[in-house]
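Dropping model.pdb in here (PDB, C-alpha atoms):
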ATOM      1  CA  ASP N  13      50.786 -12.257  -6.868
ATOM      2  CA  ALA N  14      51.873 -15.192  -4.758
ATOM      3  CA  GLY N  15      51.609 -18.579  -6.382
ATOM      4  CA  VAL N  16      50.709 -21.818  -4.655
ATOM      5  CA  THR N  17      52.788 -22.316  -1.518
ATOM      6  CA  GLN N  18      53.498 -25.607   0.205
ATOM      7  CA  THR N  19      55.157 -26.462   3.486
ATOM      8  CA  PRO N  20      57.312 -28.163   4.438
ATOM      9  CA  ARG N  21      59.440 -28.636   1.328
ATOM     10  CA  HIS N  22      60.976 -31.818   2.747
ATOM     11  CA  GLU N  23      59.695 -34.229   5.384
ATOM     12  CA  VAL N  24      61.260 -37.349   6.818
ATOM     13  CA  ALA N  25      59.027 -39.622   8.863
ATOM     14  CA  GLU N  26      59.349 -42.943  10.627
ATOM     15  CA  LYS N  27      56.937 -45.688   9.602
ATOM     16  CA  GLY N  28      53.700 -45.329  11.550
ATOM     17  CA  GLN N  29      53.998 -41.611  12.197
ATOM     18  CA  THR N  30      51.358 -39.050  11.335
ATOM     19  CA  ILE N  31      52.392 -36.235   9.042
ATOM     20  CA  ILE N  32      50.524 -33.160   7.898
ATOM     21  CA  LEU N  33      51.346 -31.324   4.696
ATOM     22  CA  LYS N  34      50.111 -27.807   4.087
ATOM     23  CA  CYS N  35      49.066 -25.831   1.052
ATOM     24  CA  GLU N  36      47.959 -22.280   0.367
ATOM     25  CA  PRO N  37      46.320 -21.866  -3.059
ATOM     26  CA  VAL N  38      46.527 -18.808  -5.264
ATOM     27  CA  SER N  39      44.337 -16.123  -3.730
ATOM     28  CA  GLY N  40      40.825 -16.213  -5.207
ATOM     29  CA  HIS N  41      41.093 -19.659  -6.757
ATOM     30  CA  ASN N  42      38.129 -21.921  -6.076
ATOM     31  CA  ASP N  43      39.536 -25.322  -7.071
ATOM     32  CA  LEU N  44      42.256 -27.055  -5.057
ATOM     33  CA  PHE N  45      43.966 -30.348  -5.870
ATOM     34  CA  TRP N  46      46.376 -32.692  -4.143
ATOM     35  CA  TYR N  47      48.485 -34.939  -6.398
ATOM     36  CA  ARG N  48      51.160 -37.472  -5.665
ATOM     37  CA  GLN N  49      54.148 -38.054  -7.934
ATOM     38  CA  THR N  50      56.292 -41.181  -7.944
ATOM     39  CA  LYS N  51      58.708 -42.494 -10.539
ATOM     40  CA  ILE N  52      56.681 -45.651 -11.053
ATOM     41  CA  GLN N  53      53.098 -44.353 -10.980
ATOM     42  CA  GLY N  54      53.708 -40.842 -12.234
ATOM     43  CA  LEU N  55      51.191 -38.189 -11.162
ATOM     44  CA  GLU N  56      47.996 -39.342  -9.430
ATOM     45  CA  LEU N  57      45.100 -37.346  -8.003
ATOM     46  CA  LEU N  58      44.612 -37.660  -4.243
ATOM     47  CA  SER N  59      41.871 -35.115  -3.558
ATOM     48  CA  TYR N  60      39.935 -32.372  -5.283
ATOM     49  CA  PHE N  61      38.014 -29.521  -3.634
ATOM     50  CA  ARG N  62      35.705 -27.043  -5.266
ATOM     51  CA  SER N  63      34.832 -24.018  -3.135
ATOM     52  CA  LYS N  64      35.963 -26.000  -0.061
ATOM     53  CA  SER N  65      33.677 -28.962  -0.832
ATOM     54  CA  LEU N  66      35.347 -32.306  -1.388
ATOM     55  CA  MET N  67      34.570 -33.425  -4.948
ATOM     56  CA  GLU N  68      36.843 -36.451  -5.190
ATOM     57  CA  ASP N  69      38.929 -38.264  -2.614
ATOM     58  CA  GLY N  70      41.116 -40.358  -4.890
ATOM     59  CA  GLY N  71      39.577 -43.770  -4.290
ATOM     60  CA  ALA N  72      42.575 -45.941  -3.462
ATOM     61  CA  PHE N  73      44.019 -43.284  -1.169
ATOM     62  CA  LYS N  74      41.007 -43.080   1.141
ATOM     63  CA  ASP N  75      42.083 -45.209   4.061
ATOM     64  CA  ARG N  76      45.200 -43.421   5.326
ATOM     65  CA  PHE N  77      45.010 -40.139   3.450
ATOM     66  CA  LYS N  78      42.745 -37.308   4.469
ATOM     67  CA  ALA N  79      42.669 -33.884   2.871
ATOM     68  CA  GLU N  80      40.814 -30.994   4.403
ATOM     69  CA  MET N  81      40.113 -27.458   3.365
ATOM     70  CA  LEU N  82      39.690 -25.428   6.529
ATOM     71  CA  ASN N  83      39.043 -22.217   4.655
ATOM     72  CA  SER N  84      39.339 -21.003   1.097
ATOM     73  CA  SER N  85      43.007 -20.153   1.529
ATOM     74  CA  PHE N  86      44.389 -23.170   3.374
ATOM     75  CA  SER N  87      44.375 -26.930   2.944
ATOM     76  CA  THR N  88      46.057 -29.835   4.713
ATOM     77  CA  LEU N  89      46.832 -33.391   3.710
ATOM     78  CA  LYS N  90      47.187 -35.819   6.602
ATOM     79  CA  ILE N  91      48.772 -39.240   6.153
ATOM     80  CA  GLN N  92      48.133 -41.535   9.100
ATOM     81  CA  PRO N  93      49.897 -43.879   9.654
ATOM     82  CA  THR N  94      52.715 -43.417   7.164
ATOM     83  CA  GLU N  95      54.254 -46.354   5.327
ATOM     84  CA  PRO N  96      57.500 -46.511   3.306
ATOM     85  CA  LYS N  97      55.477 -46.808   0.094
ATOM     86  CA  ASP N  98      54.140 -43.302   0.759
ATOM     87  CA  SER N  99      57.560 -41.855  -0.082
ATOM     88  CA  ALA N 100      56.857 -39.486  -2.953
ATOM     89  CA  VAL N 101      56.495 -35.852  -3.905
ATOM     90  CA  TYR N 102      53.144 -34.387  -2.908
ATOM     91  CA  LEU N 103      51.967 -31.532  -5.077
ATOM     92  CA  CYS N 104      49.211 -29.034  -4.464
ATOM     93  CA  ALA N 105      47.570 -27.130  -7.318
ATOM     94  CA  SER N 106      44.820 -24.563  -7.652
ATOM     95  CA  SER N 107      42.721 -23.049 -10.416
ATOM     96  CA  LEU N 108      39.919 -20.590 -10.951
ATOM     97  CA  ASP N 109      36.946 -22.163 -12.679
ATOM     98  CA  TRP N 110      34.874 -19.033 -12.630
ATOM     99  CA  GLY N 111      32.296 -20.176 -15.146
ATOM    100  CA  GLY N 112      31.725 -23.675 -13.845
ATOM    101  CA  PHE N 113      33.047 -24.998 -17.137
ATOM    102  CA  ASN N 114      34.898 -27.796 -15.400
ATOM    103  CA  TYR N 115      38.169 -26.905 -16.991
ATOM    104  CA  ALA N 116      40.670 -24.201 -16.145
ATOM    105  CA  GLU N 117      44.434 -23.786 -16.045
ATOM    106  CA  GLN N 118      46.014 -25.327 -12.961
ATOM    107  CA  PHE N 119      48.975 -23.836 -11.126
ATOM    108  CA  PHE N 120      51.240 -26.034  -9.062
ATOM    109  CA  GLY N 121      53.170 -25.430  -5.874
ATOM    110  CA  PRO N 122      56.809 -26.485  -5.361
ATOM    111  CA  GLY N 123      55.797 -29.770  -3.724
ATOM    112  CA  THR N 124      56.724 -31.568  -0.507
ATOM    113  CA  ARG N 125      59.200 -34.422  -0.803
ATOM    114  CA  LEU N 126      58.237 -37.069   1.762
ATOM    115  CA  THR N 127      60.574 -39.859   2.789
ATOM    116  CA  VAL N 128      59.217 -42.574   5.065
ATOM    117  CA  LEU N 129      61.837 -44.773   6.698
TER     118      LEU N 129
ATOM    119  CA  GLY I  13      43.972 -48.580 -20.719
ATOM    120  CA  GLN I  14      45.930 -45.395 -20.429
ATOM    121  CA  GLN I  15      43.910 -42.305 -21.157
ATOM    122  CA  VAL I  16      46.912 -40.152 -22.008
ATOM    123  CA  GLN I  17      49.742 -41.479 -24.124
ATOM    124  CA  GLN I  18      52.887 -39.463 -24.682
ATOM    125  CA  SER I  19      55.570 -40.062 -27.256
ATOM    126  CA  PRO I  20      58.419 -40.418 -27.465
ATOM    127  CA  ALA I  21      59.237 -41.592 -23.946
ATOM    128  CA  SER I  22      62.691 -40.100 -24.260
ATOM    129  CA  LEU I  23      64.564 -37.980 -26.759
ATOM    130  CA  VAL I  24      68.169 -36.860 -27.180
ATOM    131  CA  LEU I  25      68.948 -33.822 -29.298
ATOM    132  CA  GLN I  26      71.976 -31.855 -30.338
ATOM    133  CA  GLU I  27      71.718 -28.222 -29.413
ATOM    134  CA  GLY I  28      69.971 -26.323 -32.199
ATOM    135  CA  GLU I  29      67.803 -29.229 -33.351
ATOM    136  CA  ASN I  30      64.009 -29.118 -33.269
ATOM    137  CA  ALA I  31      61.727 -31.505 -31.382
ATOM    138  CA  GLU I  32      58.103 -32.566 -31.681
ATOM    139  CA  LEU I  33      56.437 -34.110 -28.644
ATOM    140  CA  GLN I  34      53.072 -35.823 -28.985
ATOM    141  CA  CYS I  35      50.157 -36.446 -26.705
ATOM    142  CA  ASN I  36      47.181 -38.647 -27.627
ATOM    143  CA  PHE I  37      44.014 -39.035 -25.623
ATOM    144  CA  SER I  38      41.754 -42.100 -25.573
ATOM    145  CA  THR I  39      38.679 -40.164 -24.393
ATOM    146  CA  SER I  40      37.104 -36.873 -25.329
ATOM    147  CA  LEU I  41      38.696 -33.972 -23.525
ATOM    148  CA  ASN I  42      37.619 -30.576 -22.249
ATOM    149  CA  SER I  43      41.087 -29.068 -22.057
ATOM    150  CA  MET I  44      44.732 -29.904 -21.857
ATOM    151  CA  GLN I  45      47.911 -28.449 -20.412
ATOM    152  CA  TRP I  46      51.632 -28.866 -21.085
ATOM    153  CA  PHE I  47      54.089 -28.786 -18.196
ATOM    154  CA  TYR I  48      57.863 -28.743 -17.825
ATOM    155  CA  GLN I  49      59.701 -30.320 -14.906
ATOM    156  CA  ARG I  50      63.390 -30.370 -14.022
ATOM    157  CA  PRO I  51      64.665 -33.309 -11.964
ATOM    158  CA  GLY I  52      63.566 -32.670  -8.408
ATOM    159  CA  GLY I  53      61.673 -29.580  -9.505
ATOM    160  CA  SER I  54      58.039 -28.575  -9.568
ATOM    161  CA  LEU I  55      55.652 -28.474 -12.513
ATOM    162  CA  VAL I  56      55.864 -25.331 -14.575
ATOM    163  CA  SER I  57      52.885 -24.671 -16.808
ATOM    164  CA  LEU I  58      53.996 -24.071 -20.385
ATOM    165  CA  PHE I  59      50.634 -23.917 -22.118
ATOM    166  CA  TYR I  60      47.004 -24.141 -21.195
ATOM    167  CA  ASN I  61      45.652 -25.012 -24.600
ATOM    168  CA  PRO I  62      42.115 -26.387 -24.893
ATOM    169  CA  SER I  63      42.235 -26.028 -28.661
ATOM    170  CA  GLY I  64      44.134 -24.420 -31.499
ATOM    171  CA  THR I  65      47.721 -23.218 -31.592
ATOM    172  CA  LYS I  66      49.633 -21.161 -29.044
ATOM    173  CA  GLN I  67      53.203 -19.932 -29.204
ATOM    174  CA  SER I  68      55.588 -18.727 -26.559
ATOM    175  CA  GLY I  69      59.121 -17.973 -27.710
ATOM    176  CA  ARG I  70      60.593 -21.161 -29.168
ATOM    177  CA  LEU I  71      57.677 -23.298 -27.993
ATOM    178  CA  THR I  72      54.489 -23.965 -29.946
ATOM    179  CA  SER I  73      51.538 -26.024 -28.750
ATOM    180  CA  THR I  74      48.808 -27.314 -31.063
ATOM    181  CA  THR I  75      45.693 -29.094 -29.822
ATOM    182  CA  VAL I  76      43.146 -30.699 -32.132
ATOM    183  CA  ILE I  77      40.214 -31.646 -29.926
ATOM    184  CA  LYS I  78      38.340 -33.638 -32.589
ATOM    185  CA  GLU I  79      41.397 -35.813 -33.205
ATOM    186  CA  ARG I  80      42.146 -36.087 -29.478
ATOM    187  CA  ARG I  81      45.754 -35.063 -29.795
ATOM    188  CA  SER I  82      48.133 -32.300 -28.865
ATOM    189  CA  SER I  83      51.728 -31.570 -29.793
ATOM    190  CA  LEU I  84      54.530 -29.457 -28.387
ATOM    191  CA  HIS I  85      57.134 -28.179 -30.822
ATOM    192  CA  ILE I  86      60.488 -26.967 -29.550
ATOM    193  CA  SER I  87      62.557 -25.087 -32.077
ATOM    194  CA  SER I  88      66.301 -24.433 -31.917
ATOM    195  CA  SER I  89      66.705 -26.492 -28.753
ATOM    196  CA  GLN I  90      69.071 -25.377 -25.989
ATOM    197  CA  THR I  91      70.737 -27.329 -23.204
ATOM    198  CA  THR I  92      68.467 -25.536 -20.734
ATOM    199  CA  ASP I  93      65.458 -27.220 -22.381
ATOM    200  CA  SER I  94      66.561 -30.537 -20.880
ATOM    201  CA  GLY I  95      64.037 -32.036 -18.486
ATOM    202  CA  THR I  96      60.682 -33.817 -18.555
ATOM    203  CA  TYR I  97      57.688 -32.565 -20.507
ATOM    204  CA  LEU I  98      54.261 -33.691 -19.329
ATOM    205  CA  CYS I  99      50.888 -33.291 -20.929
ATOM    206  CA  ALA I 100      47.636 -33.573 -19.002
ATOM    207  CA  MET I 101      43.963 -33.445 -19.859
ATOM    208  CA  THR I 102      40.648 -32.787 -18.188
ATOM    209  CA  SER I 103      37.487 -34.572 -19.258
ATOM    210  CA  GLY I 104      34.008 -35.242 -18.011
ATOM    211  CA  SER I 105      32.435 -33.212 -15.283
ATOM    212  CA  PHE I 106      35.426 -32.430 -13.106
ATOM    213  CA  ASN I 107      38.391 -30.125 -13.491
ATOM    214  CA  LYS I 108      40.989 -32.725 -12.509
ATOM    215  CA  LEU I 109      44.072 -33.436 -14.582
ATOM    216  CA  THR I 110      44.994 -36.871 -15.909
ATOM    217  CA  PHE I 111      48.683 -36.938 -16.774
ATOM    218  CA  GLY I 112      50.737 -38.705 -19.379
ATOM    219  CA  ALA I 113      53.936 -40.499 -18.396
ATOM    220  CA  GLY I 114      56.074 -37.708 -19.820
ATOM    221  CA  THR I 115      58.827 -37.254 -22.388
ATOM    222  CA  ARG I 116      62.336 -37.027 -20.999
ATOM    223  CA  LEU I 117      64.377 -34.645 -23.158
ATOM    224  CA  ALA I 118      68.140 -34.294 -23.103
ATOM    225  CA  VAL I 119      69.785 -31.592 -25.190
ATOM    226  CA  CYS I 120      73.511 -32.028 -25.636
ATOM    227  CA  PRO I 121      75.929 -29.169 -26.388
TER     228      PRO I 121
END
What would the structure in this file look like if it were written as structure tokens?
Amino acid sequence: DAGVTQTPRHEVAEKGQTIILKCEPVSGHNDLFWYRQTKIQGLELLSYFRSKSLMEDGGAFKDRFKAEMLNSSFSTLKIQPTEPKDSAVYLCASSLDWGGFNYAEQFFGPGTRLTVL
Amino acid sequence: GQQVQQSPASLVLQEGENAELQCNFSTSLNSMQWFYQRPGGSLVSLFYNPSGTKQSGRLTSTTVIKERRSSLHISSSQTTDSGTYLCAMTSGSFNKLTFGAGTRLAVCP
């Protein structure tokens, strides 16, 4: 079975540009997450979808970050406009919470390393 | 304050030594997961361990929900174990992970 896939693996953007990161969750999973990882802040949640519905949009990341789930097998994260402080690794994860227990093992993709100049 | 506290922050071992990594949670948790990450690499799930003890090869994870803690034991360490170990928890009504800051492990030959 294919795991979580993310594209591109690396992205370099100029300040002010719009970039779109892509994620395909594990087939059949109903929860999808976007996280950001930096050396200073560690791992932070950006967005969380359950069955394509946005459950959490990460509070502080609302203004320039927008995640969408176009269908159950594809999600995008748009950053508009980019700023140098957005340089980080963006990770997508998915899980199958079949019982609505609100906890299930999460599987992570390889991540997209974003550098904003 | 921080919901997930990991200790130690860093650890250096000689190959063959054992290690015990700790994770303490300030709130009640539904589940927790241990991950491994190489520099520049992705997160590899080691254990999904809501409670009790699980073993995989030289790794053992023990979670005690009532005491809000989890540990990861590495026996007979190898140089390939070097990297960062992260624990994460879910709590409340959503299945989102809150991560600790990680333990950076270096195993020397």
### Query
Skipping near chain neighbours, those fewer than 5 positions away, what residues fall within 7 Å of segment 59-73 of chain I using all atoms listed in the file, listed as JSON, numbers by chain?
{"N": [117], "I": [42, 43, 44, 45, 46, 83, 84, 85, 86, 87]}
### Residue IDs satisfying the PyMOL selection byres ((chain N) within 8 of (chain I)), as an NGL selection string
:N and (45 or 54-57 or 60 or 114-123)
### Task
Using the chain letters and numbering of this document, enumerate as a PyMOL selection string the residues selected by the PyMOL selection byres ((chain N and resi 27) around 8).
chain N and resi 25-26+28-29+93-96+128-129
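Closest approach to His41 of chain N among N:Ala14, N:Leu108, N:Leu58, N:Leu82 is made by N:Leu108 (distances from all atoms listed in the file).
Between atom CA of Glu80 of chain N and atom CA of Ser99 of chain N the separation is 20.5 Å.
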### Task
One decimal, Å: what's the distance from atom CA of Asp109 of chain N over to atom CA of Ser84 of chain N, could you say?
14.0 Å
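Rounded to one decimal, atom CA of Leu23 of chain I and atom CA of Gln49 of chain N lie 21.5 Å from each other.
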### Task
Tell me which of N:Thr124, N:Gln53, N:Thr88, N:Ser106 sits closest to Ile32 of chain N, counting only C-alpha atoms.
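Answer, going by the shortest atom-to-atom distance: N:Thr88.
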#### Entry: Shell around Cys120 of chain I at 9 Å using only C-alpha atoms, local window under 2 positions removed, as an MDAnalysis selection string
chainID I and resid 24:27 90:91 94 118
### Message
Quick one: residues within 6 Å of Gly95 of chain I, all atoms listed in the file, excluding same-chain residues fewer than 6 positions away - as a list in words?
### Response
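Listed by chain and then number, they are Gln49, Arg50, Arg116 and Leu117 of chain I.
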### Message
I'd like the contact shell of Thr19 of chain N - 7 Å cut-off, only C-alpha atoms, skipping same-chain residues fewer than 6 positions apart - returned as a count of residues only.
### Response
4
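Closest approach to Tyr47 of chain N among N:Gly15, N:Ser85, N:Arg21, N:Asp69 is made by N:Asp69 (distances from only C-alpha atoms).
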### Task
Select all residues near (62.5, -34.1, 0.4) (cut-off 8 Å, inclusive, file coordinates), counting only C-alpha atoms, and output them as an MDAnalysis selection string.
chainID N and resid 21:24 101 124:127
### Message
Evaluated on this file, the PyMOL selection byres ((chain N and resi 75) around 12) picks out some residues - which ones are they, written as a list in words?
### Response
Leu58, Asp69, Gly70, Gly71, Ala72, Phe73, Lys74, Arg76, Phe77, Lys78, Ala79, Lys90, Ile91, Gln92, Pro93 and Thr94 of chain N
## Note on the structure
One residue among N:Ser59, N:Lys51, N:Ile31, N:Asn42 is nearest to Ser107 of chain N when using all atoms listed in the file, and that residue is N:Asn42
### Message
Restricting the calculation to all atoms listed in the file: of N:Ser39, N:Thr30, N:Lys97, N:Asn83, which residue gets closest to Val16 of chain N?
### Response
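Checking each of N:Ser39, N:Thr30, N:Lys97, N:Asn83 against Val16 of chain N, counting all atoms listed in the file, the winner is N:Ser39.
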#### Entry: For Phe86 of chain N: contacts at 7 Å, all atoms listed in the file, fewer than 5 positions along chain excluded, given as a PyMOL selection string
chain N and resi 35-37+81
